[in-house]
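Here's upload14.cif, which has mmCIF, C-alpha atoms:
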```
data_final
loop_
_atom_site.label_atom_id
_atom_site.label_comp_id
_atom_site.auth_asym_id
_atom_site.auth_seq_id
_atom_site.Cartn_x
_atom_site.Cartn_y
_atom_site.Cartn_z
CA MET A 1 0.00 0.00 0.00
CA LYS A 2 1.41 3.39 -0.98
CA ILE A 3 1.61 5.94 1.85
CA LEU A 4 2.44 9.64 2.07
CA THR A 5 5.37 9.93 4.48
CA SER A 6 9.05 10.73 4.61
CA PRO A 7 11.39 8.35 2.74
CA ARG A 8 12.05 5.27 4.85
CA THR A 9 12.98 1.63 4.52
CA GLY A 10 13.13 -1.41 6.79
CA SER A 11 10.77 -2.75 9.46
CA LEU A 12 9.18 -0.84 12.30
CA GLY A 13 6.92 -2.81 14.60
CA ALA A 14 4.47 -4.85 12.55
CA GLU A 15 5.04 -2.94 9.30
CA THR A 16 7.78 -3.11 6.68
CA TYR A 17 8.55 -0.08 4.50
CA TYR A 18 10.10 -0.31 1.05
CA GLN A 19 10.66 1.86 -2.00
CA SER A 20 8.64 1.18 -5.13
CA PRO A 21 8.49 2.93 -8.54
CA PHE A 22 5.44 4.84 -7.21
CA GLY A 23 6.89 5.99 -3.88
CA VAL A 24 7.11 4.67 -0.31
CA CYS A 25 4.97 1.58 0.34
CA ALA A 26 4.18 -0.35 3.51
CA ARG A 27 3.10 -3.94 4.09
CA ARG A 28 2.51 -6.16 7.09
CA ARG A 29 5.66 -7.77 8.39
CA THR A 30 5.57 -11.54 7.93
CA VAL A 31 7.96 -14.46 8.24
CA PRO A 32 8.69 -15.97 4.79
CA ARG A 33 7.71 -19.62 4.54
CA ASP A 34 8.68 -20.29 0.96
CA ARG A 35 10.42 -23.44 -0.17
CA PRO A 36 13.67 -22.19 -1.73
CA SER A 37 14.89 -23.63 -4.98
CA GLU A 38 18.16 -25.50 -5.22
CA ARG A 39 20.04 -22.41 -6.38
CA LYS A 40 18.52 -20.19 -3.69
CA ALA A 41 19.27 -22.74 -0.98
CA ALA A 42 22.89 -22.95 -2.17
CA ALA A 43 23.25 -19.14 -2.09
CA ARG A 44 21.86 -19.02 1.44
CA SER A 45 24.25 -21.73 2.54
CA TYR A 46 27.23 -19.82 1.08
CA PHE A 47 26.16 -16.76 3.02
CA GLY A 48 25.66 -18.68 6.27
CA ILE A 49 28.96 -20.57 6.07
CA SER A 50 30.90 -17.38 5.32
CA SER A 51 29.23 -15.62 8.24
CA ARG A 52 30.01 -18.42 10.73
CA GLU A 53 33.65 -18.62 9.65
CA TRP A 54 34.15 -15.06 10.84
CA GLY A 55 34.06 -16.16 14.48
CA LEU A 56 35.10 -19.84 14.17
CA LYS A 57 37.88 -19.91 11.59
CA LEU A 58 39.60 -16.51 11.58
CA SER A 59 42.03 -15.30 14.17
CA GLU A 60 41.81 -11.96 15.97
CA ALA A 61 44.65 -10.53 13.86
CA GLN A 62 42.87 -11.54 10.65
CA ARG A 63 39.65 -9.96 11.82
CA GLU A 64 41.49 -6.72 12.53
CA ARG A 65 42.87 -6.71 8.99
CA TRP A 66 39.40 -7.27 7.57
CA ASN A 67 38.09 -4.36 9.68
CA ALA A 68 40.84 -2.07 8.41
CA ALA A 69 40.22 -3.03 4.78
CA ALA A 70 36.44 -2.56 5.12
CA LEU A 71 36.90 1.13 5.96
CA HIS A 72 37.60 1.77 2.26
CA VAL A 73 34.68 -0.30 0.94
CA PRO A 74 31.43 1.70 0.70
CA SER A 75 28.08 -0.01 0.92
CA ARG A 76 25.54 0.02 -1.87
CA PRO A 77 23.86 3.46 -2.08
CA TRP A 78 20.24 3.41 -0.91
CA MET A 79 17.91 6.41 -0.81
CA GLY A 80 20.85 8.71 -1.49
CA GLN A 81 22.86 7.46 1.49
CA TYR A 82 25.65 4.95 2.05
CA SER A 83 28.18 3.98 4.70
CA HIS A 84 31.21 1.74 5.02
CA LEU A 85 30.97 -2.00 5.56
CA SER A 86 32.07 -3.70 8.73
CA GLY A 87 34.85 -6.26 8.65
CA GLN A 88 32.42 -9.16 8.91
CA GLN A 89 30.20 -7.80 6.15
CA PHE A 90 33.18 -7.35 3.87
CA CYS A 91 34.45 -10.87 4.59
CA VAL A 92 31.01 -12.41 3.96
CA GLN A 93 30.64 -10.47 0.71
CA ILE A 94 33.98 -11.62 -0.72
CA ASN A 95 33.74 -15.26 0.36
CA SER A 96 30.08 -15.65 -0.67
CA THR A 97 30.96 -14.43 -4.17
CA LEU A 98 33.93 -16.80 -4.38
CA ARG A 99 31.86 -19.80 -3.25
CA GLY A 100 29.14 -18.92 -5.75
CA LEU A 101 31.74 -18.99 -8.54
CA GLY A 102 33.09 -22.32 -7.35
CA LEU A 103 36.35 -20.87 -5.98
CA ALA A 104 37.98 -21.38 -2.61
CA PRO A 105 37.33 -18.76 0.11
CA VAL A 106 40.12 -16.56 1.46
CA GLU A 107 41.16 -15.72 5.00
CA GLU A 108 42.96 -12.47 4.19
CA PRO A 109 41.27 -9.42 2.62
CA PRO A 110 42.07 -9.16 -1.09
CA ALA A 111 43.60 -6.04 -2.59
CA PRO A 112 41.14 -3.56 -4.12
CA VAL A 113 40.43 -4.03 -7.83
CA VAL A 114 39.81 -1.24 -10.32
CA PHE A 115 37.79 -2.51 -13.26
CA GLY A 116 38.05 -1.08 -16.72
CA PRO A 117 35.16 -0.60 -19.17
CA ASN A 118 32.82 -3.55 -19.42
CA PRO A 119 33.81 -5.53 -22.54
CA VAL A 120 30.21 -6.68 -23.22
CA THR A 121 28.63 -4.14 -25.57
CA GLY A 122 25.30 -5.64 -26.58
CA LEU A 123 22.91 -8.59 -26.92
CA GLU A 124 21.83 -10.12 -30.22
CA ILE A 125 19.07 -12.71 -30.69
CA VAL A 126 18.94 -14.74 -33.89
CA ASN A 127 16.02 -16.96 -34.88
CA ASP A 128 17.31 -19.43 -37.47
CA ALA A 129 15.31 -22.16 -39.11
CA GLU A 130 17.95 -24.74 -38.12
CA ASP A 131 19.33 -23.59 -34.75
CA GLU A 132 16.09 -21.88 -33.62
CA VAL A 133 16.60 -19.04 -31.12
CA ARG A 134 20.21 -18.22 -30.26
CA LEU A 135 21.35 -15.59 -27.73
CA ARG A 136 24.77 -14.04 -28.32
CA LEU A 137 26.65 -11.31 -26.45
CA ASN A 138 29.00 -8.98 -28.29
CA VAL A 139 32.26 -9.20 -26.36
CA GLY A 140 35.57 -7.39 -26.73
CA ALA A 141 38.89 -8.15 -25.06
CA THR A 142 38.33 -9.55 -21.55
CA HIS A 143 40.83 -9.45 -18.66
CA GLU A 144 38.65 -10.95 -15.91
CA ASP A 145 35.67 -13.26 -15.46
CA ILE A 146 32.23 -12.03 -16.53
CA MET A 147 29.19 -12.99 -14.44
CA VAL A 148 25.97 -13.38 -16.46
CA PHE A 149 22.55 -12.67 -14.92
CA GLY A 150 19.11 -12.89 -16.53
CA GLN A 151 15.39 -12.84 -15.91
CA PRO A 152 12.56 -14.87 -17.48
CA PRO A 153 11.26 -13.75 -20.91
CA CYS A 154 8.81 -10.89 -20.57
CA SER A 155 6.63 -8.58 -22.62
CA ALA A 156 8.28 -6.46 -25.28
CA GLY A 157 6.80 -3.37 -23.63
CA ARG A 158 8.88 -3.70 -20.44
CA MET A 159 11.70 -1.18 -20.41
CA LYS A 160 13.81 -2.35 -17.44
CA PRO A 161 14.36 -5.64 -15.59
CA ARG A 162 12.70 -6.38 -12.27
CA ARG A 163 14.85 -9.15 -10.80
CA VAL A 164 17.76 -10.97 -12.38
CA TYR A 165 19.21 -14.36 -11.41
CA TYR A 166 22.74 -15.62 -11.70
CA LEU A 167 23.20 -17.91 -14.71
CA GLY A 168 26.94 -18.57 -14.76
CA LEU A 169 30.25 -17.27 -16.08
CA LEU A 170 30.60 -16.06 -19.64
CA GLY A 171 32.25 -18.61 -21.88
CA PRO A 172 34.91 -18.03 -24.53
CA SER A 173 34.04 -15.78 -27.45
CA GLN A 174 34.34 -16.51 -31.14
CA ASN A 175 34.40 -13.79 -33.80
CA GLY A 176 33.58 -11.19 -31.17
CA GLN A 177 30.50 -13.03 -29.84
CA SER A 178 29.82 -15.41 -26.97
CA ASP A 179 26.83 -17.78 -27.11
CA ILE A 180 24.80 -17.82 -23.86
CA THR A 181 21.84 -19.82 -25.19
CA ASP A 182 22.58 -22.88 -23.05
CA LEU A 183 23.02 -20.77 -19.91
CA TYR A 184 19.71 -19.01 -20.45
CA THR A 185 17.55 -21.94 -21.61
CA ALA A 186 18.78 -24.16 -18.76
CA ARG A 187 17.20 -21.72 -16.29
CA PHE A 188 14.24 -20.14 -18.10
CA GLY A 189 13.64 -22.18 -21.25
CA ARG A 190 13.66 -20.96 -24.82
CA PRO A 191 12.00 -17.55 -25.34
CA ALA A 192 9.18 -17.17 -27.86
CA PRO A 193 9.15 -14.72 -30.80
CA GLY A 194 8.05 -11.25 -29.75
CA GLN A 195 9.28 -11.58 -26.15
CA LYS A 196 12.02 -9.40 -24.64
CA VAL A 197 15.09 -10.83 -22.93
CA PHE A 198 17.11 -8.93 -20.31
CA ILE A 199 20.73 -9.90 -19.63
CA ALA A 200 22.95 -8.26 -16.98
CA VAL A 201 26.74 -8.74 -16.90
CA ALA A 202 29.27 -7.84 -14.21
CA GLN A 203 33.04 -8.16 -14.04
CA THR A 204 34.56 -10.10 -11.14
CA ARG A 205 38.07 -10.74 -9.82
CA ASN A 206 39.23 -12.15 -6.46
CA GLY A 207 35.70 -11.90 -5.06
CA TRP A 208 35.22 -8.27 -6.12
CA LYS A 209 32.29 -7.44 -8.41
CA GLY A 210 32.13 -4.51 -10.79
CA GLN A 211 29.14 -2.42 -11.76
CA SER A 212 26.52 -4.46 -13.61
CA ARG A 213 25.44 -3.51 -17.10
CA VAL A 214 22.06 -4.47 -18.58
CA HIS A 215 21.35 -5.36 -22.21
CA ASN A 216 18.05 -6.38 -23.81
CA ALA A 217 16.72 -7.56 -27.16
CA ILE A 218 13.44 -8.81 -28.65
CA VAL A 219 13.20 -12.28 -30.15
CA PRO A 220 12.56 -11.91 -33.92
CA PRO A 221 9.97 -14.02 -35.76
CA PRO A 222 11.16 -17.23 -37.42
CA PRO A 223 12.24 -16.91 -41.08
CA MET A 224 9.94 -18.17 -43.82
CA LEU A 225 10.97 -21.29 -45.68
CA LYS A 226 11.49 -21.19 -49.46
CA SER A 227 8.29 -23.17 -50.07
CA GLN A 228 6.31 -20.74 -47.90
CA GLN A 229 7.84 -17.75 -49.70
CA ALA A 230 6.92 -19.23 -53.10
CA ALA A 231 3.34 -19.90 -51.98
CA GLU A 232 3.01 -16.36 -50.58
CA THR A 233 4.33 -14.85 -53.83
CA ALA A 234 1.92 -16.92 -55.92
CA ARG A 235 -1.01 -15.92 -53.73
CA VAL A 236 -0.17 -12.22 -54.06
CA LYS A 237 0.15 -12.47 -57.85
CA LYS A 238 -3.16 -14.32 -58.09
CA SER A 239 -5.06 -11.78 -56.00
CA LYS A 240 -3.68 -8.78 -57.95
CA PRO A 241 -5.87 -8.02 -61.05
CA ALA A 242 -4.15 -7.60 -64.39
CA ALA A 243 -4.09 -4.04 -65.69
CA ALA A 244 -5.87 -3.57 -69.03
CA PRO A 245 -3.72 -2.01 -71.80
CA ILE A 246 -4.53 1.58 -72.54
CA SER A 247 -5.18 2.23 -76.22
CA THR A 248 -3.72 5.23 -77.97
CA ALA A 249 -7.18 6.38 -78.94
CA ALA A 250 -8.30 6.46 -75.30
CA ARG A 251 -5.29 8.51 -74.35
CA LYS A 252 -6.38 11.41 -76.54
CA THR A 253 -8.22 14.13 -74.71
CA VAL A 254 -11.75 14.65 -76.01
CA PRO A 255 -12.54 18.35 -76.06
CA SER A 256 -15.71 19.28 -74.27
CA PRO A 257 -18.39 20.87 -76.50
CA SER A 258 -18.69 24.61 -76.04
CA PHE A 259 -21.97 26.47 -76.39
CA ARG A 260 -22.35 30.09 -77.43
CA ALA A 261 -23.87 32.40 -74.89
CA MET A 262 -27.43 33.36 -75.80
CA TYR A 263 -29.08 36.62 -74.66
CA LYS A 264 -32.52 36.09 -73.30
CA GLY A 265 -33.95 39.55 -72.89
CA SER A 266 -37.42 40.65 -71.81
CA THR A 267 -39.50 43.79 -71.66
CA SER A 268 -39.83 46.01 -68.63
CA GLU A 269 -43.53 45.01 -68.25
CA ALA A 270 -42.59 41.33 -68.13
CA ARG A 271 -39.88 41.91 -65.53
CA GLN A 272 -42.26 43.97 -63.39
CA GLY A 273 -44.94 41.31 -63.59
CA TYR A 274 -42.48 38.60 -62.68
CA THR A 275 -41.33 40.56 -59.64
CA GLU A 276 -44.87 41.14 -58.45
CA ASN A 277 -45.85 37.47 -58.83
CA LYS A 278 -42.67 36.02 -57.31
CA HIS A 279 -44.05 34.39 -54.16
CA GLU A 280 -43.12 31.14 -52.48
CA THR A 281 -45.97 29.10 -51.10
CA PRO A 282 -45.43 28.31 -47.41
CA LEU A 283 -46.80 24.78 -47.23
CA SER A 284 -46.82 24.75 -43.44
CA LEU A 285 -49.60 27.42 -43.12
CA LEU A 286 -53.27 26.52 -43.05
CA CYS A 287 -55.35 27.50 -46.20
CA THR A 288 -52.17 28.53 -48.04
CA PRO A 289 -53.41 27.48 -51.55
CA VAL A 290 -56.66 29.55 -51.18
CA VAL A 291 -54.93 32.72 -49.95
CA HIS A 292 -52.21 32.69 -52.55
CA GLY A 293 -54.66 31.85 -55.30
CA LEU A 294 -56.64 34.98 -54.38
CA ILE A 295 -53.47 37.09 -54.37
CA GLY A 296 -52.62 35.82 -57.85
CA ALA A 297 -56.10 36.68 -59.15
CA LEU A 298 -55.89 40.25 -57.81
CA GLY A 299 -52.52 40.71 -59.41
CA TRP A 300 -53.86 39.49 -62.75
CA LEU A 301 -56.78 41.98 -62.56
CA GLY A 302 -54.34 44.80 -61.81
CA ARG A 303 -52.24 44.02 -64.85
CA LEU A 304 -55.38 43.79 -67.00
CA GLY A 305 -56.47 47.25 -65.74
CA ARG A 306 -53.09 48.78 -66.69
CA VAL A 307 -53.31 47.33 -70.17
CA TRP A 308 -56.78 48.82 -70.67
CA ALA A 309 -55.54 52.20 -69.42
CA ARG A 310 -52.73 52.25 -71.98
CA ALA A 311 -55.11 51.26 -74.72
#
```

What do you get writing this file as structure tokens?
Amino acid sequence: MKILTSPRTGSLGAETYYQSPFGVCARRRTVPRDRPSERKAAARSYFGISSREWGLKLSEAQRERWNAAALHVPSRPWMGQYSHLSGQQFCVQINSTLRGLGLAPVEEPPAPVVFGPNPVTGLEIVNDAEDEVRLRLNVGATHEDIMVFGQPPCSAGRMKPRRVYYLGLLGPSQNGQSDITDLYTARFGRPAPGQKVFIAVAQTRNGWKGQSRVHNAIVPPPPMLKSQQAAETARVKKSKPAAAPISTAARKTVPSPSFRAMYKGSTSEARQGYTENKHETPLSLLCTPVVHGLIGALGWLGRLGRVWARA
């Protein structure tokens, strides 16, 4: 539920606050009772083992060195604020990442790593008639391992990913491209034409992770076979009517007949009589034919009287 309050996050009493794309939201605090998948259970075990080793495996001198190194490691910015990690948090972060990659954990803090530009520049999806859908990443020269994350296929209208899952390390590239189809389909299956695929990549070295970069592409429709193309071409030709040839005689422009203007004059008496008798019969009035017939008769008697006077 969205609420109007100051920015906040975390749990307070029976409510948990979190940031959403629409503002601050609150929900009732509950204990999760989900059954984790095999991958999620493994990630939780990596985190738990690394956390327990802080007090059971490391010596006091080693813990002091982890504390000193953590002063230069900022936390992930959240709501415009960040702080430095503790020694235990830094140790758990490094060793959990190493265990997730299948590498051995370390007891001493590793030296800081400065990553260069991410060598992955884009995602291409090809839908071939033989190999079906293939996902390929455009990769340049790499100097460290590349972690690949992804989310299930979604609508083409989505503009950013919601939650990505670790798929594995990027394999070797060939001709500037690395095929990640097997990594993606093993987790989410093969995407359908018209769906959008989000892939996030991050550089990693000695347990350090670089800034992730997200790429996306839409699965194109499958290509038409040659037999289908021939049938489609024949259908279009059959439905299109043949144009009739235009004869040379029809192309000639036939001049329109012109008529001479004819003067139709009249006498002044005729024009005066026409003006006097020019009345429109209002059909909507009662007894209109009788009244206008009487008016016409009076006008005719007046004209007859003027003719007699002239005679």

Test item: the PyMOL selection byres ((chain A and resi 15) around 7) resolved as a PDB file with C-alpha atoms, in the coordinates of the input:
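In the end it all went to selection-v1.pdb:
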```
ATOM      1  CA  SER A  11      10.770  -2.750   9.460  1.00  0.00           C
ATOM      2  CA  LEU A  12       9.180  -0.840  12.300  1.00  0.00           C
ATOM      3  CA  GLY A  13       6.920  -2.810  14.600  1.00  0.00           C
ATOM      4  CA  ALA A  14       4.470  -4.850  12.550  1.00  0.00           C
ATOM      5  CA  THR A  16       7.780  -3.110   6.680  1.00  0.00           C
ATOM      6  CA  TYR A  17       8.550  -0.080   4.500  1.00  0.00           C
ATOM      7  CA  ALA A  26       4.180  -0.350   3.510  1.00  0.00           C
ATOM      8  CA  ARG A  27       3.100  -3.940   4.090  1.00  0.00           C
ATOM      9  CA  ARG A  28       2.510  -6.160   7.090  1.00  0.00           C
ATOM     10  CA  ARG A  29       5.660  -7.770   8.390  1.00  0.00           C
TER      11      ARG A  29
END
```

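Taking atom CA of Ala61 of chain A and atom CA of Pro110 of chain A as endpoints, the distance between them is 15.2 Å.
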
Exactly which residues make up the result of the PyMOL selection byres ((chain A and resi 220) around 9) on this file, given as a PyMOL selection string? chain A and resi 125-127+133+192-195+218-219+221-223

For the residues in the current selection, export C-alpha atoms as a CSV table (one decimal), in the frame of the given file.
```csv
chain,number,residue,atom,x,y,z
A,125,ILE,CA,19.1,-12.7,-30.7
A,126,VAL,CA,18.9,-14.7,-33.9
A,127,ASN,CA,16.0,-17.0,-34.9
A,133,VAL,CA,16.6,-19.0,-31.1
A,192,ALA,CA,9.2,-17.2,-27.9
A,193,PRO,CA,9.2,-14.7,-30.8
A,194,GLY,CA,8.0,-11.2,-29.8
A,195,GLN,CA,9.3,-11.6,-26.2
A,218,ILE,CA,13.4,-8.8,-28.6
A,219,VAL,CA,13.2,-12.3,-30.2
A,221,PRO,CA,10.0,-14.0,-35.8
A,222,PRO,CA,11.2,-17.2,-37.4
A,223,PRO,CA,12.2,-16.9,-41.1
```

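One distance worth recording is that between atom CA of Ser51 of chain A and atom CA of Phe115 of chain A, which is 26.6 Å.
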
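Across the structure, atom CA of Arg190 of chain A and atom CA of Glu130 of chain A are spaced 14.5 Å apart.
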
Shell of 12 Å around Glu38 of chain A, all atoms listed in the file, local chain residues under 6 positions omitted, as a ChimeraX atom specification: /A:44-45,187

Excluding Ser173 of chain A and any residue of its chain fewer than 4 positions from it, enumerate the residues within 10 Å of it, using all atoms listed in the file, and give them as a count of residues only. 10

Take the PyMOL selection byres ((chain A and resi 112) around 12), apply it to the structure above, and return the hits as an MDAnalysis selection string. chainID A and resid 69:73 90 94 109:111 113:115 204:210

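Of the residues under consideration (A:Val197, A:Ala68, A:Ala129, A:Leu4), A:Ala68 shows the shortest atom-to-atom contact distance to Ser86 of chain A when counting all atoms listed in the file.
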
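Between Gly171 of chain A and the candidates A:Asp145, A:Asp128, A:Glu53, A:Glu64, the tightest atom-to-atom separation, counting all atoms listed in the file, involves A:Asp145.
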
In the coordinate frame of the file, compute which residues have an atom within 8 Å of (16.0, -17.9, -24.0) when using all atoms listed in the file, and state them as a PyMOL selection string. chain A and resi 133-135+152-153+181+184-185+188-192+197
